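Worksheet: one structure, shown below.
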Amino acid sequence: MSAPRNNAIQQILSKRFRILLTGDPEGVPPWLADVAASDQPGLYLPDEAPWIAHGDMATLVGGIRALLMQALHPGSLTGVMQHSRYKDEPLGRLSGTIRWLTMTTFASTAAVSGEADRVNTMHQRVKGTYKNSEGKTVPYRAADPDLLRWVHIAFMDSFLRCHQLYSTRALPGGADEYIRLWSQSVIPLGLTEVPMSEDELLAEIDRYRPELIVNDATREVISFIKNPPLPKTSLPAYHFLFKAALASLPREYQDMIGLGHPSLRIIQPITRNLLTLIRLAIGPETPIEEAAIERLHRAGVMKDGKIIRRPS
(Lines give C-alpha, C1' and ligand atoms only; values in the text may rest on other atoms or scores of the structure.)
Protein backbone atom coordinates (compact mmCIF):
# COMPACT_ATOMS: atom_id res chain seq x y z
CA MET A 1 0.00 0.00 0.00
CA SER A 2 1.54 3.30 -1.11
CA ALA A 3 1.73 6.32 1.15
CA PRO A 4 -0.84 9.11 0.52
CA ARG A 5 0.30 11.87 -1.80
CA ASN A 6 -0.02 15.65 -1.60
CA ASN A 7 -2.35 17.51 -3.91
CA ALA A 8 -1.07 20.46 -5.98
CA ILE A 9 -1.78 23.10 -3.32
CA GLN A 10 -0.27 20.99 -0.56
CA GLN A 11 2.81 20.45 -2.73
CA ILE A 12 3.38 24.21 -2.97
CA LEU A 13 2.78 24.82 0.75
CA SER A 14 4.90 21.82 1.71
CA LYS A 15 7.82 23.13 -0.33
CA ARG A 16 7.58 26.56 1.32
CA PHE A 17 7.38 24.94 4.76
CA ARG A 18 10.49 22.83 4.17
CA ILE A 19 12.40 25.75 2.69
CA LEU A 20 11.71 27.60 5.94
CA LEU A 21 12.89 24.71 8.13
CA THR A 22 15.87 23.50 6.14
CA GLY A 23 17.10 26.58 4.29
CA ASP A 24 17.30 24.57 1.07
CA PRO A 25 15.95 26.64 -1.87
CA GLU A 26 14.14 23.59 -3.28
CA GLY A 27 12.71 22.51 0.05
CA VAL A 28 14.64 19.24 -0.01
CA PRO A 29 16.32 18.51 3.33
CA PRO A 30 20.07 18.27 2.66
CA TRP A 31 20.19 15.24 4.96
CA LEU A 32 17.44 13.32 3.12
CA ALA A 33 19.99 11.32 1.11
CA ASP A 34 21.82 10.37 4.31
CA VAL A 35 18.58 9.08 5.86
CA ALA A 36 17.84 7.03 2.74
CA ALA A 37 21.35 5.65 2.30
CA SER A 38 22.51 2.11 3.17
CA ASP A 39 20.63 -1.09 3.94
CA GLN A 40 21.03 -0.83 7.70
CA PRO A 41 18.42 -0.27 10.39
CA GLY A 42 18.73 2.74 12.69
CA LEU A 43 18.27 3.35 16.37
CA TYR A 44 14.47 3.37 16.22
CA LEU A 45 11.51 1.76 14.47
CA PRO A 46 8.24 3.39 13.34
CA ASP A 47 6.27 2.01 16.30
CA GLU A 48 8.70 3.31 18.94
CA ALA A 49 8.30 6.44 21.02
CA PRO A 50 11.17 8.60 19.63
CA TRP A 51 10.10 7.97 16.02
CA ILE A 52 6.48 8.86 16.78
CA ALA A 53 7.34 11.94 18.86
CA HIS A 54 9.88 13.36 16.42
CA GLY A 55 7.70 12.76 13.41
CA ASP A 56 4.86 14.73 14.96
CA MET A 57 4.00 18.39 14.34
CA ALA A 58 4.30 19.04 18.09
CA THR A 59 8.07 19.17 17.53
CA LEU A 60 7.49 22.69 16.15
CA VAL A 61 6.63 23.76 19.69
CA GLY A 62 9.16 21.46 21.35
CA GLY A 63 12.03 23.01 19.42
CA ILE A 64 11.14 26.51 20.59
CA ARG A 65 10.75 25.31 24.17
CA ALA A 66 14.13 23.58 24.07
CA LEU A 67 15.83 26.80 22.93
CA LEU A 68 14.20 28.69 25.81
CA MET A 69 15.37 26.10 28.34
CA GLN A 70 18.90 26.09 26.95
CA ALA A 71 19.06 29.88 27.15
CA LEU A 72 18.59 29.71 30.93
CA HIS A 73 21.94 27.98 31.41
CA PRO A 74 24.80 30.49 31.09
CA GLY A 75 27.14 27.86 29.67
CA SER A 76 24.95 26.78 26.75
CA LEU A 77 23.86 30.40 26.27
CA THR A 78 27.46 31.62 25.98
CA GLY A 79 28.25 28.88 23.50
CA VAL A 80 25.44 30.09 21.25
CA MET A 81 26.38 33.75 21.53
CA GLN A 82 30.12 33.27 21.04
CA HIS A 83 30.24 30.44 18.55
CA SER A 84 27.19 30.73 16.31
CA ARG A 85 25.92 33.31 13.85
CA TYR A 86 22.39 33.03 15.13
CA LYS A 87 21.59 36.67 14.27
CA ASP A 88 23.08 36.54 10.79
CA GLU A 89 21.93 33.02 9.97
CA PRO A 90 19.02 32.18 12.30
CA LEU A 91 17.75 29.43 10.03
CA GLY A 92 21.23 27.93 9.91
CA ARG A 93 21.12 27.08 13.59
CA LEU A 94 17.54 25.87 13.26
CA SER A 95 18.40 23.59 10.35
CA GLY A 96 21.40 22.26 12.27
CA THR A 97 19.15 21.32 15.19
CA ILE A 98 16.60 19.73 12.86
CA ARG A 99 19.38 17.81 11.13
CA TRP A 100 20.63 16.30 14.40
CA LEU A 101 17.13 15.34 15.56
CA THR A 102 16.15 13.91 12.17
CA MET A 103 19.34 11.99 11.49
CA THR A 104 19.46 10.46 14.95
CA THR A 105 15.82 9.43 14.86
CA PHE A 106 15.42 8.19 11.29
CA ALA A 107 18.86 7.47 9.75
CA SER A 108 20.90 4.26 9.80
CA THR A 109 23.27 3.50 12.66
CA ALA A 110 26.23 4.23 10.37
CA ALA A 111 24.77 7.62 9.43
CA VAL A 112 24.07 8.39 13.10
CA SER A 113 27.70 7.62 13.91
CA GLY A 114 28.83 9.94 11.13
CA GLU A 115 26.54 12.71 12.33
CA ALA A 116 27.85 12.29 15.87
CA ASP A 117 31.42 12.62 14.59
CA ARG A 118 30.42 15.86 12.85
CA VAL A 119 28.85 17.24 16.02
CA ASN A 120 31.76 16.14 18.20
CA THR A 121 34.21 17.87 15.88
CA MET A 122 32.14 21.04 16.01
CA HIS A 123 31.94 20.85 19.81
CA GLN A 124 35.73 20.73 20.10
CA ARG A 125 35.85 24.30 18.76
CA VAL A 126 33.16 25.61 21.13
CA LYS A 127 34.90 26.69 24.32
CA GLY A 128 35.52 29.78 26.40
CA THR A 129 34.42 31.21 29.73
CA TYR A 130 31.17 32.41 31.26
CA LYS A 131 29.93 33.82 34.55
CA ASN A 132 27.93 31.32 36.53
CA SER A 133 24.95 31.97 38.81
CA GLU A 134 27.33 33.01 41.59
CA GLY A 135 29.06 35.56 39.37
CA LYS A 136 32.26 33.55 39.09
CA THR A 137 34.06 33.21 35.77
CA VAL A 138 34.34 29.55 34.85
CA PRO A 139 35.67 27.78 31.74
CA TYR A 140 33.45 25.70 29.51
CA ARG A 141 33.62 23.38 26.53
CA ALA A 142 30.57 22.23 24.58
CA ALA A 143 31.90 18.68 24.92
CA ASP A 144 31.88 18.85 28.74
CA PRO A 145 29.57 16.02 29.88
CA ASP A 146 27.75 18.23 32.37
CA LEU A 147 26.96 20.90 29.79
CA LEU A 148 26.13 18.35 27.10
CA ARG A 149 23.80 16.61 29.57
CA TRP A 150 21.87 19.85 30.16
CA VAL A 151 21.40 20.34 26.42
CA HIS A 152 20.21 16.73 26.15
CA ILE A 153 17.68 16.91 28.97
CA ALA A 154 16.42 20.33 27.81
CA PHE A 155 15.68 18.85 24.39
CA MET A 156 14.29 15.61 25.78
CA ASP A 157 12.02 17.25 28.32
CA SER A 158 10.79 19.80 25.76
CA PHE A 159 9.89 17.33 23.02
CA LEU A 160 8.29 15.00 25.57
CA ARG A 161 6.18 17.68 27.29
CA CYS A 162 5.07 19.29 24.04
CA HIS A 163 4.08 15.91 22.63
CA GLN A 164 2.09 15.16 25.77
CA LEU A 165 0.35 18.53 25.61
CA TYR A 166 -0.10 19.22 21.92
CA SER A 167 -0.15 15.91 20.06
CA THR A 168 -3.10 13.56 19.69
CA ARG A 169 -0.84 10.53 19.23
CA ALA A 170 -0.02 8.37 22.23
CA LEU A 171 3.60 7.46 22.94
CA PRO A 172 4.11 3.68 23.13
CA GLY A 173 5.34 2.91 26.61
CA GLY A 174 4.72 6.47 27.73
CA ALA A 175 7.26 8.95 29.03
CA ASP A 176 9.59 6.37 30.57
CA GLU A 177 9.96 4.49 27.29
CA TYR A 178 10.62 7.67 25.33
CA ILE A 179 13.31 8.75 27.80
CA ARG A 180 14.91 5.30 27.94
CA LEU A 181 15.07 4.91 24.17
CA TRP A 182 16.15 8.49 23.42
CA SER A 183 19.08 8.05 25.81
CA GLN A 184 20.66 5.95 23.03
CA SER A 185 20.91 9.04 20.84
CA VAL A 186 23.69 10.65 22.88
CA ILE A 187 25.89 7.60 23.36
CA PRO A 188 27.75 8.37 20.09
CA LEU A 189 28.45 11.84 21.54
CA GLY A 190 30.20 10.20 24.48
CA LEU A 191 27.38 10.85 26.95
CA THR A 192 26.37 7.71 28.83
CA GLU A 193 25.15 8.90 32.24
CA VAL A 194 21.72 10.33 31.44
CA PRO A 195 18.19 9.98 32.86
CA MET A 196 16.50 6.69 32.00
CA SER A 197 13.02 7.40 33.40
CA GLU A 198 10.69 10.33 33.97
CA ASP A 199 11.52 10.44 37.68
CA GLU A 200 15.23 10.56 36.89
CA LEU A 201 14.65 13.27 34.28
CA LEU A 202 12.77 15.48 36.75
CA ALA A 203 15.43 14.92 39.40
CA GLU A 204 18.18 15.85 36.94
CA ILE A 205 16.38 19.06 35.91
CA ASP A 206 16.08 19.98 39.60
CA ARG A 207 19.81 19.38 40.03
CA TYR A 208 20.57 22.00 37.37
CA ARG A 209 18.14 24.56 38.78
CA PRO A 210 20.74 26.46 40.92
CA GLU A 211 22.87 26.98 37.78
CA LEU A 212 20.11 28.66 35.77
CA ILE A 213 19.99 32.46 35.55
CA VAL A 214 18.50 35.27 33.52
CA ASN A 215 20.73 38.23 32.67
CA ASP A 216 20.97 40.74 29.84
CA ALA A 217 22.47 38.15 27.50
CA THR A 218 19.66 35.71 28.32
CA ARG A 219 17.03 38.34 27.62
CA GLU A 220 18.72 39.23 24.32
CA VAL A 221 18.63 35.65 23.09
CA ILE A 222 15.09 35.04 24.34
CA SER A 223 13.95 38.21 22.59
CA PHE A 224 15.49 36.87 19.39
CA ILE A 225 13.75 33.50 19.85
CA LYS A 226 10.46 35.35 20.37
CA ASN A 227 10.90 37.59 17.31
CA PRO A 228 13.06 35.83 14.72
CA PRO A 229 13.45 37.30 11.22
CA LEU A 230 10.96 34.95 9.57
CA PRO A 231 8.79 35.72 6.53
CA LYS A 232 5.82 37.89 7.47
CA THR A 233 3.39 35.21 6.38
CA SER A 234 4.89 32.81 8.94
CA LEU A 235 5.05 35.17 11.91
CA PRO A 236 1.43 34.91 13.20
CA ALA A 237 1.66 31.11 13.48
CA TYR A 238 5.17 31.29 14.93
CA HIS A 239 4.18 33.82 17.58
CA PHE A 240 1.38 31.55 18.72
CA LEU A 241 3.68 28.53 18.80
CA PHE A 242 6.08 30.58 20.91
CA LYS A 243 3.27 31.22 23.39
CA ALA A 244 2.48 27.51 23.38
CA ALA A 245 6.13 26.74 24.18
CA LEU A 246 6.14 29.29 26.99
CA ALA A 247 2.86 27.93 28.38
CA SER A 248 4.35 24.42 28.53
CA LEU A 249 7.20 25.48 30.82
CA PRO A 250 7.00 25.17 34.60
CA ARG A 251 5.75 28.33 36.30
CA GLU A 252 9.17 28.93 37.85
CA TYR A 253 10.80 29.08 34.42
CA GLN A 254 8.06 31.38 33.15
CA ASP A 255 8.80 33.70 36.06
CA MET A 256 12.50 33.71 35.19
CA ILE A 257 11.85 34.45 31.51
CA GLY A 258 9.49 37.28 32.45
CA LEU A 259 7.13 37.15 29.47
CA GLY A 260 3.97 36.36 31.37
CA HIS A 261 2.03 33.19 32.07
CA PRO A 262 -0.05 32.13 29.05
CA SER A 263 -3.07 30.06 29.99
CA LEU A 264 -2.36 26.45 29.10
CA ARG A 265 -6.07 25.65 29.41
CA ILE A 266 -6.80 28.07 26.56
CA ILE A 267 -3.65 27.53 24.51
CA GLN A 268 -3.62 23.73 24.50
CA PRO A 269 -6.72 23.08 22.35
CA ILE A 270 -5.92 25.97 20.00
CA THR A 271 -2.38 24.68 19.49
CA ARG A 272 -3.60 21.19 18.72
CA ASN A 273 -5.98 22.60 16.13
CA LEU A 274 -3.29 24.85 14.66
CA LEU A 275 -0.85 21.96 14.29
CA THR A 276 -3.58 19.86 12.69
CA LEU A 277 -4.25 22.71 10.26
CA ILE A 278 -0.54 23.02 9.40
CA ARG A 279 -0.36 19.28 8.74
CA LEU A 280 -3.45 19.48 6.53
CA ALA A 281 -1.99 22.44 4.64
CA ILE A 282 1.39 20.79 3.89
CA GLY A 283 -0.17 17.42 3.16
CA PRO A 284 0.41 13.83 4.26
CA GLU A 285 3.76 13.31 2.54
CA THR A 286 6.67 12.81 4.93
CA PRO A 287 9.81 12.45 2.77
CA ILE A 288 12.18 11.75 5.67
CA GLU A 289 10.03 9.04 7.23
CA GLU A 290 9.23 7.53 3.84
CA ALA A 291 12.94 7.33 3.00
CA ALA A 292 13.66 5.72 6.37
CA ILE A 293 10.88 3.17 5.92
CA GLU A 294 12.15 2.27 2.45
CA ARG A 295 15.59 1.70 3.98
CA LEU A 296 14.07 -0.54 6.68
CA HIS A 297 12.43 -2.61 3.97
CA ARG A 298 15.81 -3.05 2.26
CA ALA A 299 17.31 -3.98 5.62
CA GLY A 300 14.76 -6.77 6.02
CA VAL A 301 13.31 -5.14 9.13
CA MET A 302 10.02 -4.32 7.43
CA LYS A 303 7.94 -6.00 4.74
CA ASP A 304 4.76 -4.72 3.12
CA GLY A 305 4.71 -1.81 5.55
CA LYS A 306 4.93 -3.98 8.66
CA ILE A 307 7.78 -4.62 11.10
CA ILE A 308 8.84 -8.26 10.79
CA ARG A 309 11.91 -8.26 13.03
CA ARG A 310 13.63 -6.06 15.57
CA PRO A 311 17.37 -5.48 15.35
CA SER A 312 19.23 -6.72 18.39
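Chain lettering (A, B, ...) mirrors the order of the C-alpha coordinates, residue numbering begins at 1 for each chain separately, and ligand numbering begins at 1 in order of display.
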
Exercise. Which residues, written as a PyMOL selection string, have at least one atom at most 10 Å from A:His54, with only C-alpha atoms counted and residues fewer than 4 positions away on the same chain left out?
Worked result: chain A and resi 49-50+58-60+62+98+101-102+105-106+159-160+163

For this session: Once DSSP has gone over the backbone, tell me which residues of stretch 16-107 of chain A are in alpha helix (DSSP H), as a PyMOL selection string.
Result: chain A and resi 16-22+32-36+49-54+59-71+74-83+90-106

For this session: Report the distance between atom CA of A:Trp31 and atom CA of A:Arg99 in Å, rounded to one decimal place.
Result: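 Computing the Euclidean distance for atom CA of A:Trp31 and atom CA of A:Arg99 yields 6.7 Å.
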
Exercise. Mind pulling up the distance from atom CA of A:Gln40 to atom CA of A:Leu191?
Worked result: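 About the pair atom CA of A:Leu191 and atom CA of A:Gln40: they are 23.4 Å apart.
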
For this session: Mind checking which residues fall within 10 Å of A:Lys127, counting only C-alpha atoms, ignoring those fewer than 2 positions away in the same chain, and posting them as a PyMOL selection string?
Result: chain A and resi 75+78-79+82-83+123-125+129-130+139-144

Problem set entry | Counting only C-alpha atoms, the option among A:Ala203, A:Ile64, A:Lys243, A:Leu77 closest to A:Gly128 |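 For A:Gly128, the nearest of the candidates is A:Leu77.
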
Exercise. Between atom CA of A:Thr168 and atom CA of A:Glu204, what is the spacing in Å?
Worked result: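 Between atom CA of A:Glu204 and atom CA of A:Thr168 the gap is 27.5 Å.
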
For this session: Going by DSSP on the backbone, which bits of stretch 123-307 of chain A are strand (DSSP E or B)? Write them as a list in words, please.
Result: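 In stretch 123-307 of chain A, DSSP puts these residues in strand (DSSP E or B): Lys127, Gly128, Thr129, Tyr130, Lys131, Thr137, Val138, Pro139, Tyr140, Arg141, Met302, Lys303, Lys306 and Ile307 of chain A.
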
Exercise. From the set A:Ala37, A:Ser158, A:Glu252, A:Gln184, which residue has the shortest atom-to-atom contact distance to A:Ala111, counting only C-alpha atoms?
Worked result: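 Checking each candidate against A:Ala111, we get A:Ala37 as the closest.
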
Exercise. So which residues touch A:Glu26 within 9 Å, counting only C-alpha atoms, skipping near sequence neighbours fewer than 3 positions away, as a VMD selection string?
Worked result: chain A and resid 15 to 16 18 to 19 23 29

Could you write out the selected residues, including N, CA and C atoms, as a PDB file, in the first residue's frame?
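Final file, part-v6.pdb:
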```pdb
ATOM      1  N   LYS A  15       6.506  22.664   0.095  1.00  0.00           N
ATOM      2  CA  LYS A  15       7.825  23.130  -0.327  1.00  0.00           C
ATOM      3  C   LYS A  15       8.218  24.384   0.438  1.00  0.00           C
ATOM      4  N   ARG A  16       7.292  25.324   0.579  1.00  0.00           N
ATOM      5  CA  ARG A  16       7.582  26.560   1.322  1.00  0.00           C
ATOM      6  C   ARG A  16       7.908  26.248   2.778  1.00  0.00           C
ATOM      7  N   ARG A  18       9.188  23.492   4.035  1.00  0.00           N
ATOM      8  CA  ARG A  18      10.488  22.835   4.167  1.00  0.00           C
ATOM      9  C   ARG A  18      11.639  23.775   3.822  1.00  0.00           C
ATOM     10  N   ILE A  19      11.396  24.723   2.939  1.00  0.00           N
ATOM     11  CA  ILE A  19      12.405  25.754   2.695  1.00  0.00           C
ATOM     12  C   ILE A  19      12.670  26.523   3.984  1.00  0.00           C
ATOM     13  N   GLY A  23      16.269  25.603   4.973  1.00  0.00           N
ATOM     14  CA  GLY A  23      17.097  26.576   4.288  1.00  0.00           C
ATOM     15  C   GLY A  23      17.448  26.183   2.870  1.00  0.00           C
ATOM     16  N   PRO A  29      15.356  18.547   2.226  1.00  0.00           N
ATOM     17  CA  PRO A  29      16.322  18.511   3.333  1.00  0.00           C
ATOM     18  C   PRO A  29      17.671  17.991   2.868  1.00  0.00           C
TER      19      PRO A  29
END
```

For this session: Pick out the closest residue to A:Ala237 from this set: A:Ala170, A:Leu147, A:Val138, A:Val61. Count only C-alpha atoms.
Result: A:Val61

Problem set entry | Nearest to A:Ile187, chosen from A:Asp206, A:Glu290, A:Asp117, A:Asp47, with only C-alpha atoms counted in the distances | A:Asp117

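Residue nearest A:Ala154 within the list A:Thr121, A:Asn215, A:Ser185, A:Gln70: A:Gln70 [criterion: smallest interatomic distance, only C-alpha atoms].
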